[in-house]
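Asks: What follows is the file data_18.cif, containing mmCIF, C-alpha atoms:
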```cif
data_protein
loop_
_atom_site.label_atom_id
_atom_site.label_comp_id
_atom_site.auth_asym_id
_atom_site.auth_seq_id
_atom_site.Cartn_x
_atom_site.Cartn_y
_atom_site.Cartn_z
CA MET A 1 52.71 -162.74 70.20
CA ASP A 2 51.99 -166.46 70.02
CA LYS A 3 48.28 -167.22 69.68
CA GLU A 4 48.04 -169.86 72.39
CA ALA A 5 49.99 -167.74 74.87
CA LEU A 6 47.79 -164.77 74.11
CA ILE A 7 44.58 -166.75 74.65
CA ALA A 8 45.97 -168.10 77.91
CA SER A 9 46.81 -164.65 79.22
CA LEU A 10 43.43 -163.27 78.13
CA LYS A 11 41.84 -166.12 80.02
CA THR A 12 43.49 -165.04 83.26
CA ILE A 13 42.37 -161.45 82.67
CA VAL A 14 38.70 -162.25 82.04
CA LYS A 15 38.35 -164.92 84.73
CA PRO A 16 37.26 -162.63 87.60
CA TYR A 17 34.43 -161.17 85.51
CA ILE A 18 32.85 -164.17 83.81
CA GLN A 19 29.32 -165.32 84.64
CA ASP A 20 29.24 -168.49 82.55
CA GLU A 21 31.62 -171.18 83.70
CA ASN A 22 30.99 -173.51 80.71
CA ALA A 23 31.69 -170.85 78.12
CA PHE A 24 34.82 -169.92 80.05
CA ASN A 25 36.09 -173.50 80.07
CA ASN A 26 35.52 -173.65 76.31
CA LEU A 27 37.00 -170.23 75.67
CA ASN A 28 38.39 -169.88 72.14
CA GLU A 29 38.95 -167.22 69.49
CA ASN A 30 35.25 -166.99 68.70
CA THR A 31 34.13 -166.48 72.29
CA ASP A 32 32.07 -163.32 72.75
CA PHE A 33 32.72 -161.51 76.04
CA ILE A 34 29.11 -160.48 76.58
CA ALA A 35 27.01 -163.03 74.65
CA ASP A 36 29.01 -166.09 75.76
CA LEU A 37 30.87 -165.25 78.96
CA LYS A 38 27.94 -163.04 80.16
CA ILE A 39 30.38 -160.41 81.32
CA ASN A 40 28.69 -157.31 82.67
CA SER A 41 29.43 -154.50 80.21
CA ALA A 42 30.77 -152.26 83.00
CA ASN A 43 33.35 -154.97 83.66
CA LEU A 44 34.34 -154.93 80.00
CA VAL A 45 35.92 -151.58 80.83
CA ASP A 46 37.93 -153.32 83.57
CA ILE A 47 39.07 -155.94 81.08
CA ILE A 48 40.27 -153.22 78.72
CA LEU A 49 42.12 -151.49 81.56
CA ASP A 50 43.61 -154.84 82.65
CA VAL A 51 44.78 -155.53 79.08
CA GLU A 52 46.37 -152.07 78.92
CA ASP A 53 48.20 -152.70 82.20
CA MET A 54 49.32 -156.21 81.34
CA TYR A 55 50.73 -155.39 77.88
CA ASP A 56 51.64 -151.80 78.58
CA ILE A 57 49.62 -150.55 75.61
CA GLU A 58 46.95 -147.93 75.18
CA ILE A 59 43.64 -148.97 73.71
CA ASP A 60 41.95 -145.93 72.23
CA ASN A 61 38.18 -145.69 71.90
CA ASP A 62 38.19 -146.64 68.21
CA ALA A 63 40.00 -149.90 68.99
CA MET A 64 37.88 -150.52 72.08
CA GLU A 65 34.74 -150.22 69.98
CA LYS A 66 35.50 -153.58 68.33
CA MET A 67 36.61 -155.44 71.44
CA LEU A 68 33.60 -157.73 71.77
CA THR A 69 35.28 -161.07 71.14
CA VAL A 70 38.50 -162.88 72.05
CA LYS A 71 39.54 -162.71 68.38
CA ALA A 72 39.07 -158.94 68.22
CA ALA A 73 40.95 -158.46 71.48
CA MET A 74 43.87 -160.56 70.18
CA LYS A 75 44.03 -158.56 66.97
CA ILE A 76 44.05 -155.26 68.84
CA ILE A 77 46.73 -156.39 71.30
CA ASN A 78 48.97 -157.63 68.48
CA THR A 79 48.49 -154.46 66.43
CA LYS A 80 49.36 -152.25 69.41
CA LEU A 81 52.36 -154.39 70.34
CA ASN A 82 53.66 -154.24 66.76
CA GLU A 83 53.25 -150.47 66.66
CA GLN A 84 55.59 -150.20 69.64
CA GLN A 85 58.41 -152.14 68.00
CA MET B 1 11.50 -149.78 70.04
CA ILE B 2 12.35 -149.70 73.69
CA GLY B 3 15.32 -150.46 75.93
CA ASN B 4 15.91 -150.72 79.64
CA ASP B 5 18.70 -151.26 82.15
CA ILE B 6 18.89 -151.83 85.88
CA VAL B 7 21.88 -151.34 88.18
CA ASP B 8 21.82 -152.92 91.63
CA LEU B 9 23.85 -150.36 93.59
CA LYS B 10 25.15 -152.88 96.13
CA GLN B 11 26.20 -155.26 93.36
CA ALA B 12 27.81 -152.42 91.38
CA ALA B 13 29.84 -151.38 94.43
CA ALA B 14 31.11 -154.95 94.77
CA GLU B 15 31.82 -155.46 91.05
CA SER B 16 33.23 -152.16 89.89
CA ASN B 17 35.85 -149.90 91.35
CA TRP B 18 34.79 -146.66 89.70
CA GLN B 19 37.75 -144.83 91.20
CA ARG B 20 40.13 -147.07 89.32
CA LYS B 21 42.47 -145.07 87.12
CA GLY B 22 41.03 -144.73 83.62
CA PHE B 23 37.58 -146.06 84.47
CA VAL B 24 35.66 -142.78 84.43
CA THR B 25 37.60 -141.24 81.55
CA LYS B 26 37.08 -144.29 79.32
CA ILE B 27 33.32 -144.26 79.85
CA PHE B 28 32.14 -140.70 80.38
CA THR B 29 32.26 -137.57 78.25
CA GLN B 30 33.47 -134.27 79.70
CA THR B 31 29.87 -133.15 80.32
CA GLU B 32 29.03 -136.41 82.07
CA GLN B 33 32.16 -136.22 84.22
CA GLU B 34 30.99 -132.78 85.31
CA TYR B 35 27.54 -134.14 86.25
CA ILE B 36 29.30 -136.67 88.46
CA SER B 37 31.74 -134.26 90.04
CA VAL B 38 29.09 -131.72 91.08
CA ALA B 39 26.55 -134.34 92.22
CA LYS B 40 25.66 -134.80 95.88
CA ASN B 41 25.46 -138.53 95.31
CA LYS B 42 28.28 -139.25 92.86
CA LEU B 43 27.71 -142.99 92.67
CA ALA B 44 24.00 -142.67 91.94
CA THR B 45 24.78 -140.13 89.23
CA LEU B 46 27.48 -142.31 87.70
CA TRP B 47 25.24 -145.38 87.54
CA ARG B 48 22.29 -143.36 86.30
CA LEU B 49 24.46 -142.23 83.37
CA TRP B 50 25.59 -145.80 82.80
CA SER B 51 22.02 -147.15 82.76
CA MET B 52 20.98 -144.37 80.36
CA LYS B 53 23.76 -145.42 77.99
CA GLU B 54 22.92 -149.12 78.25
CA SER B 55 19.18 -148.67 77.72
CA ALA B 56 19.70 -146.39 74.70
CA TYR B 57 22.28 -148.76 73.23
CA LYS B 58 19.72 -151.58 73.34
CA ILE B 59 17.54 -149.61 70.92
CA ASN B 60 20.44 -148.40 68.80
CA VAL B 61 21.72 -151.92 68.13
CA GLN B 62 18.29 -152.87 66.78
CA GLN B 63 18.18 -149.84 64.49
CA THR B 64 21.69 -150.13 63.11
CA GLY B 65 22.26 -153.88 63.38
CA LYS B 66 25.76 -153.10 64.65
CA ARG B 67 27.16 -154.01 68.04
CA PHE B 68 30.00 -151.94 69.46
CA PHE B 69 31.64 -151.14 72.77
CA ASN B 70 32.35 -147.46 73.16
CA PRO B 71 30.44 -145.97 76.09
CA LYS B 72 31.76 -142.46 75.40
CA LYS B 73 29.99 -142.43 72.06
CA LEU B 74 26.67 -142.58 73.90
CA GLN B 75 26.34 -138.99 75.08
CA CYS B 76 23.99 -138.19 77.93
CA THR B 77 22.21 -135.01 78.91
CA PHE B 78 20.11 -134.64 82.05
CA PHE B 79 16.83 -132.72 81.77
CA ASN B 80 16.03 -133.11 85.47
CA ASP B 81 16.40 -135.70 88.25
CA THR B 82 14.66 -138.40 86.25
CA LYS B 83 14.45 -137.42 82.60
CA GLY B 84 17.28 -137.24 80.15
CA LYS B 85 18.48 -137.79 76.61
CA VAL B 86 21.15 -139.97 75.00
CA VAL B 87 22.64 -139.16 71.60
CA ILE B 88 24.42 -141.87 69.60
CA ASN B 89 25.78 -140.43 66.35
CA THR B 90 22.61 -139.01 64.74
CA HIS B 91 20.15 -141.01 66.86
CA HIS B 92 18.33 -139.53 69.84
CA TYR B 93 16.81 -141.45 72.74
CA TYR B 94 14.68 -140.22 75.63
CA THR B 95 15.22 -141.74 79.05
CA VAL B 96 13.38 -141.86 82.35
CA SER B 97 15.31 -143.10 85.38
CA ASP B 98 14.08 -144.29 88.73
CA VAL B 99 16.85 -143.49 91.18
CA ASN B 100 16.52 -144.89 94.69
CA THR B 101 18.86 -146.18 97.37
CA ALA B 102 18.69 -149.82 96.19
CA TYR B 103 18.82 -149.59 92.42
CA ILE B 104 18.71 -147.36 89.37
CA TYR B 105 16.34 -148.29 86.61
CA THR B 106 16.25 -146.51 83.25
CA GLU B 107 13.91 -146.97 80.34
CA ALA B 108 14.71 -145.52 76.93
CA SER B 109 12.49 -144.87 73.95
CA ILE B 110 12.69 -143.11 70.61
CA LYS B 111 9.56 -141.04 71.17
CA HIS B 112 8.30 -139.27 74.26
CA ASN B 113 5.38 -140.95 76.04
CA GLU B 114 5.54 -144.31 74.35
CA ASN B 115 2.73 -146.60 75.48
CA THR B 116 4.83 -149.02 77.51
CA LYS B 117 4.88 -150.51 80.97
CA SER B 118 7.92 -151.29 83.10
CA THR B 119 7.92 -153.78 85.95
CA CYS B 120 10.80 -153.96 88.46
CA PHE B 121 11.12 -156.77 90.99
CA LYS B 122 13.47 -158.42 93.44
CA ILE B 123 15.13 -161.65 92.36
CA LYS B 124 17.41 -164.13 94.08
CA ASN B 125 20.97 -162.98 93.60
CA ASN B 126 22.72 -166.25 92.87
CA THR B 127 23.94 -167.24 89.42
CA TYR B 128 23.49 -165.29 86.20
CA GLN B 129 21.51 -168.18 84.76
CA THR B 130 18.95 -168.29 87.58
CA GLN B 131 18.55 -164.48 87.54
CA HIS B 132 18.00 -164.71 83.82
CA ILE B 133 15.38 -167.47 84.15
CA SER B 134 13.44 -165.65 86.89
CA CYS B 135 13.14 -162.56 84.68
CA TYR B 136 12.02 -164.59 81.67
CA ASN B 137 9.42 -166.41 83.76
CA ARG B 138 7.99 -163.17 85.20
CA LEU B 139 7.61 -161.75 81.72
CA LYS B 140 6.08 -164.93 80.28
CA SER B 141 3.59 -165.03 83.12
CA GLU B 142 2.51 -161.44 82.50
CA VAL B 143 2.14 -161.98 78.75
CA SER B 144 0.27 -165.20 79.37
CA LYS B 145 -2.26 -163.48 81.66
CA ALA B 146 -2.70 -160.34 79.60
CA LEU B 147 -3.10 -162.04 76.23
CA LYS B 148 -4.73 -165.21 77.58
CA LEU B 149 -2.08 -167.48 76.10
CA GLU B 150 -0.82 -170.65 77.66
CA GLN B 151 2.46 -169.88 79.45
CA ASN B 152 4.12 -173.19 78.52
CA HIS B 153 3.88 -172.31 74.86
CA ILE B 154 5.51 -168.90 75.26
CA THR B 155 9.23 -168.72 74.59
CA ILE B 156 11.77 -165.92 74.55
CA GLU B 157 14.70 -166.11 72.16
CA LYS B 158 17.52 -163.65 71.70
CA ASN B 159 18.36 -162.64 68.15
CA SER B 160 21.96 -162.23 66.95
CA PHE B 161 22.20 -158.75 68.52
CA GLY B 162 21.15 -160.12 71.89
CA VAL B 163 17.66 -158.61 71.60
CA PRO B 164 14.96 -160.76 73.23
CA LYS B 165 11.85 -161.66 71.19
CA LEU B 166 8.63 -163.33 72.29
CA PHE B 167 7.16 -166.34 70.52
CA TYR B 168 3.94 -168.30 70.98
CA ASN B 169 4.11 -171.84 69.60
CA LYS B 170 7.27 -170.64 67.82
CA ILE B 171 5.35 -167.89 66.02
CA PRO B 172 6.74 -164.37 66.68
CA LEU B 173 4.42 -162.19 68.77
CA ASN B 174 6.03 -158.97 67.53
CA LEU B 175 5.85 -157.26 70.88
CA SER B 176 8.52 -154.70 71.56
CA LEU B 177 10.29 -155.49 74.85
CA SER B 178 13.51 -155.28 76.79
CA ILE B 179 14.74 -157.26 79.78
CA THR B 180 17.45 -156.44 82.32
CA HIS B 181 18.79 -157.87 85.55
CA HIS B 182 21.67 -157.13 87.86
CA GLY B 183 22.38 -158.51 91.30
CA SER B 184 19.15 -158.71 93.30
CA TYR B 185 16.96 -156.82 90.84
CA GLY B 186 15.28 -157.56 87.56
CA ALA B 187 12.97 -155.61 85.28
CA TYR B 188 11.26 -155.75 81.96
CA ILE B 189 9.55 -153.21 79.76
CA ILE B 190 6.95 -154.14 77.19
CA VAL B 191 4.40 -152.36 75.02
CA ASN B 192 1.15 -151.88 76.89
CA LEU B 193 -0.48 -155.30 76.59
CA ASP B 194 -3.95 -153.96 77.45
CA SER B 195 -3.91 -151.94 74.27
CA ILE B 196 -3.25 -155.08 72.20
CA ASN B 197 -5.74 -157.36 73.87
CA ASN B 198 -8.86 -155.34 73.14
#
```
Can the structure from this file be put into structure tokens for me?

Replies:
Amino acid sequence: MDKEALIASLKTIVKPYIQDENAFNNLNENTDFIADLKINSANLVDIILDVEDMYDIEIDNDAMEKMLTVKAAMKIINTKLNEQQ
Amino acid sequence: MIGNDIVDLKQAAAESNWQRKGFVTKIFTQTEQEYISVAKNKLATLWRLWSMKESAYKINVQQTGKRFFNPKKLQCTFFNDTKGKVVINTHHYYTVSDVNTAYIYTEASIKHNENTKSTCFKIKNNTYQTQHISCYNRLKSEVSKALKLEQNHITIEKNSFGVPKLFYNKIPLNLSLSITHHGSYGAYIIVNLDSINN
């Protein structure tokens, strides 16, 4: 999936959970969900469930373990999408 | 090393839908799911388990230098209504939780009976940034009084694992601590300052 489109769709997913408006406005590949966006870690579970729903993929615990940044999330989504093809 | 975590139950109810499909199974082990299902107060039990995991993780990340997000890997056991244990791979952490109708507060340590002191307090529930600042100021004020240091020269900086450290005139104070806030509640835990002062 196209990088820009992926970032844009991730942005809509994380929006309800962010607690730092500035970091959200500057969201990029290197943005950290917890350190930058100040997302409550319980809500990180919601983000993972939202990603699963939106892309119709399953994120197992091993993949989830790395999902701390936008870059990691993008990599996981692309890997899972490719596996399905 | 110490860790702590607070869950404001009202805030948690507003932020998280724990009955959402996949939520419980992504976070909790089979044993933990059983604790929740047999509990009289399911929500309090669920958030107690969560705060145990969070507080233990805060120590684990300092020991291993590795951040990760996999709540199921942090495996909880209850000893009684307040005490418990969290196992992360080969590491063991002991927890004590204060469970009441407003919040759940858990402190974790590597050893039993570590000489530490926790302080919980009410904060204004507005933005993350103001909650964060109120907690930092409370802690600085306590350190300033206990160690007779000027508060304006005390700073708190997070290291790359998000672990807060205290400095006086930019020199590390090497005091083990942990800070947490959620909704209307904040708390910090720090090594007993009286034992350092004298």

Asks: What lies within 9 Å of Asp98 (chain B) using all atoms listed in the file, ignoring chain neighbours under 2 positions off, as a list of chain:residue names?

Replies: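 Non-adjacent residues within range: B:Arg48, B:Asp81, B:Thr82, B:Val96, B:Asn100, B:Tyr103, B:Ile104, B:Tyr105, B:Thr106, B:Glu107.
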
Asks: Give me, as a ChimeraX atom specification, the contact residues of chain B against chain A at a cut-off of 9 Å, counting all atoms listed in the file.

Replies: /B:12,15-17,20-23,26-27,50,54,67-73,127-129,161-162,182

Asks: Determine the nearest neighbour of Lys71 (chain A) from the options A:Gln85, A:Asn22, A:Ser9, A:Thr31, counting all atoms listed in the file.

Replies: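 Smallest distance to Lys71 (chain A) is found for A:Thr31.
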
Asks: Could you list the residues chosen by the PyMOL selection byres ((chain B and resi 86-90) around 9) in this structure as an mmCIF file with C-alpha atoms, in the frame of the given file?

Replies:
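This went into out-v8.cif:
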```cif
data_model
loop_
_atom_site.group_PDB
_atom_site.id
_atom_site.type_symbol
_atom_site.label_atom_id
_atom_site.label_comp_id
_atom_site.auth_asym_id
_atom_site.auth_seq_id
_atom_site.Cartn_x
_atom_site.Cartn_y
_atom_site.Cartn_z
ATOM 1 C CA MET B 52 20.980 -144.370 80.360
ATOM 2 C CA LYS B 53 23.760 -145.420 77.990
ATOM 3 C CA ALA B 56 19.700 -146.390 74.700
ATOM 4 C CA TYR B 57 22.280 -148.760 73.230
ATOM 5 C CA ASN B 60 20.440 -148.400 68.800
ATOM 6 C CA LYS B 73 29.990 -142.430 72.060
ATOM 7 C CA LEU B 74 26.670 -142.580 73.900
ATOM 8 C CA GLN B 75 26.340 -138.990 75.080
ATOM 9 C CA CYS B 76 23.990 -138.190 77.930
ATOM 10 C CA THR B 77 22.210 -135.010 78.910
ATOM 11 C CA PHE B 78 20.110 -134.640 82.050
ATOM 12 C CA GLY B 84 17.280 -137.240 80.150
ATOM 13 C CA LYS B 85 18.480 -137.790 76.610
ATOM 14 C CA HIS B 91 20.150 -141.010 66.860
ATOM 15 C CA HIS B 92 18.330 -139.530 69.840
ATOM 16 C CA TYR B 93 16.810 -141.450 72.740
ATOM 17 C CA TYR B 94 14.680 -140.220 75.630
ATOM 18 C CA THR B 95 15.220 -141.740 79.050
ATOM 19 C CA ALA B 108 14.710 -145.520 76.930
#
```

Asks: Any idea what the distance is between CA of Leu177 (chain B) and CA of Ile189 (chain B)?

Replies: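 CA of Ile189 (chain B) lies at a distance of 5.5 Å from CA of Leu177 (chain B).
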